[in-house]
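Worksheet: one structure, shown below.
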Amino acid sequence: MEDEENGLASRAQAGDRQAFAQLVRRFQDRVFGFILRMNNSRDEAMDLTQETFMKAYQALPTWRPDARFSTWLFQIARNATLDILRRRQLVEFVPLDAGQPEGEALDPPDDAPLPEEHLSGRQRIALLEQSLHELPVEQREILLLRELENMSYADIAVTLNIEAGTVKSRLARARTAVLAKFQHHAGENRHD
Amino acid sequence: MTEPPSKHSPDMQQLSAYLDGELDSSTRHNLADHLDTCPLCASQLARLQTLTADFGNLPQETLGFDLAGVIEGRLAAAPRPPEKKRPARWWGLLPVSIGAAASIAVGVGMGSALLGGAAAMPRVTAMSVFDTLPPGGLCLGPDSCYSNGARK
């Protein structure tokens, strides 16, 4: 799969527009889904997805085949989204973990009986979406890249321009945070 | 992580990396052994696994139209600019630098030769302008000829 996408990218880089069109078709929904869950606006996500591919095409001469095309593409999508969020001043640059350096141990979520166990599948999905949107951007993006895009820590490090060790700690922190929020909302849901 | 289960808190970083298969084999084996005997850590790992499963159940968002056609139209209207040339290395500029330096040196040399060698000639010419007798002239005018002759 990786060889195939990089092969298409190499052809597109050489000027093959059909190859680029195939890349767009292959990644358009994944890029759109990522952006949508980052900024929570469908119209803006549609525009940003289009801009991401336009920017990718313009920047193709700078792409090197030793980098995975999808990683490079998500880097462009992520930067474009952060630009918009900054303009909207919606990026929280002081996340939940501000008081705790990324290397430090995390408090695990409460180990009490889980209030979410009674939830239906649809309710679980709704609560997860809600919990995800309440996370700071730094935690939300890393969860999306790992859990939905199934990226390796090395690819996440490249996409987010951070150290591989930071990926490990930030991801654990993000998982702990989303679990805590999920558990909290599930508890509220049960009392309703 | 190797402490008795009742005396430690689960290490979420290690559990999270374990879930992702991002631990080295030695750490992974140690943690696997520990999970067999520690219900606290096993419980937290199960929660992380459930979270991952929940993410897998999130609906796939779709754009709903073929973006490739839209992109193709936009690209046709505004083709990609040519690849930027990489800045030249210093040794690539060496022949140009040498040529430029040689040109300046030759120019300075020629200028010096002209100024130095011709210094006397213009001076004579210039002086002749202010001389009382023009070059080749015997006298300034009949009066002065006579007066000079009278003096002699």
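Chain labels run A, B, ... following the order of the structure tokens; each chain numbers its residues from 1, and ligands are numbered from 1 in the order shown.
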
Specify as an MDAnalysis selection string all residues of chain A found within 8 Å of chain B, counting only C-alpha atoms.
chainID A and resid 17 21:22 24:25 28:30 32:33 46 50 53:54 57:58 61 105:109 111 124:125 128 147:148 153 168:169 171:173 175:176 179

Leaving out region 162-165 of chain A and any residue of its chain fewer than 6 positions from it, which residues lie within 9 Å of it when counting only C-alpha atoms, given as a JSON list (two decimals) with all heavy atoms, in the first residue's frame?
[["chain", "number", "residue", "atom", "x", "y", "z"],
["A", 103, "GLY", "N", 6.91, 13.94, 30.00],
["A", 103, "GLY", "CA", 7.60, 12.70, 30.37],
["A", 103, "GLY", "C", 7.12, 12.10, 31.68],
["A", 103, "GLY", "O", 7.42, 10.96, 32.00],
["A", 153, "TYR", "N", 4.24, 5.48, 15.55],
["A", 153, "TYR", "CA", 4.74, 6.61, 16.33],
["A", 153, "TYR", "C", 5.72, 7.44, 15.49],
["A", 153, "TYR", "O", 5.77, 8.66, 15.61],
["A", 153, "TYR", "CB", 5.44, 6.11, 17.61],
["A", 153, "TYR", "CG", 4.49, 5.66, 18.71],
["A", 153, "TYR", "CD1", 3.16, 5.38, 18.44],
["A", 153, "TYR", "CD2", 4.93, 5.50, 20.01],
["A", 153, "TYR", "CE1", 2.29, 4.95, 19.43],
["A", 153, "TYR", "CE2", 4.07, 5.08, 21.03],
["A", 153, "TYR", "CZ", 2.75, 4.80, 20.73],
["A", 153, "TYR", "OH", 1.89, 4.38, 21.73],
["A", 154, "ALA", "N", 6.50, 6.76, 14.65],
["A", 154, "ALA", "CA", 7.48, 7.48, 13.81],
["A", 154, "ALA", "C", 6.75, 8.40, 12.83],
["A", 154, "ALA", "O", 7.16, 9.56, 12.64],
["A", 154, "ALA", "CB", 8.35, 6.48, 13.06],
["A", 155, "ASP", "N", 5.68, 7.91, 12.22],
["A", 155, "ASP", "CA", 4.93, 8.74, 11.27],
["A", 155, "ASP", "C", 4.22, 9.89, 11.98],
["A", 155, "ASP", "O", 4.12, 11.01, 11.44],
["A", 155, "ASP", "CB", 3.91, 7.90, 10.50],
["A", 155, "ASP", "CG", 4.58, 7.08, 9.39],
["A", 155, "ASP", "OD1", 5.74, 7.39, 9.05],
["A", 155, "ASP", "OD2", 3.96, 6.14, 8.88],
["A", 156, "ILE", "N", 3.71, 9.61, 13.17],
["A", 156, "ILE", "CA", 3.05, 10.69, 13.94],
["A", 156, "ILE", "C", 4.07, 11.77, 14.28],
["A", 156, "ILE", "O", 3.78, 12.97, 14.17],
["A", 156, "ILE", "CB", 2.41, 10.12, 15.23],
["A", 156, "ILE", "CG1", 1.23, 9.20, 14.88],
["A", 156, "ILE", "CG2", 1.93, 11.26, 16.14],
["A", 156, "ILE", "CD1", 0.63, 8.47, 16.07]]

From the list A:Glu4, A:Phe69, A:Asn79, A:Gly121, the nearest residue to Leu160 (chain A) using only C-alpha atoms is A:Asn79

Using only C-alpha atoms, determine which residues lie at most 12 Å from Asn30 (chain B), disregarding the query and same-chain residues fewer than 3 positions distant; provide the list as an MDAnalysis selection string.
chainID B and resid 1:2 14:15 18 23:27 33:37

So which residues touch Thr71 (chain A) within 12 Å, counting only C-alpha atoms, skipping near sequence neighbours fewer than 4 positions away, as number ranges by chain?
A: 2, 5-6, 27, 30-31, 56, 63-67, 75-78, 145-146, 149-161

Could you tell me, as a VMD selection string, which residues of region 18-179 of chain A DSSP assigns to alpha helix (DSSP H) when given the backbone?
chain A and resid 18 to 39 42 to 59 69 to 87 121 to 133 137 to 143 153 to 160 164 to 179
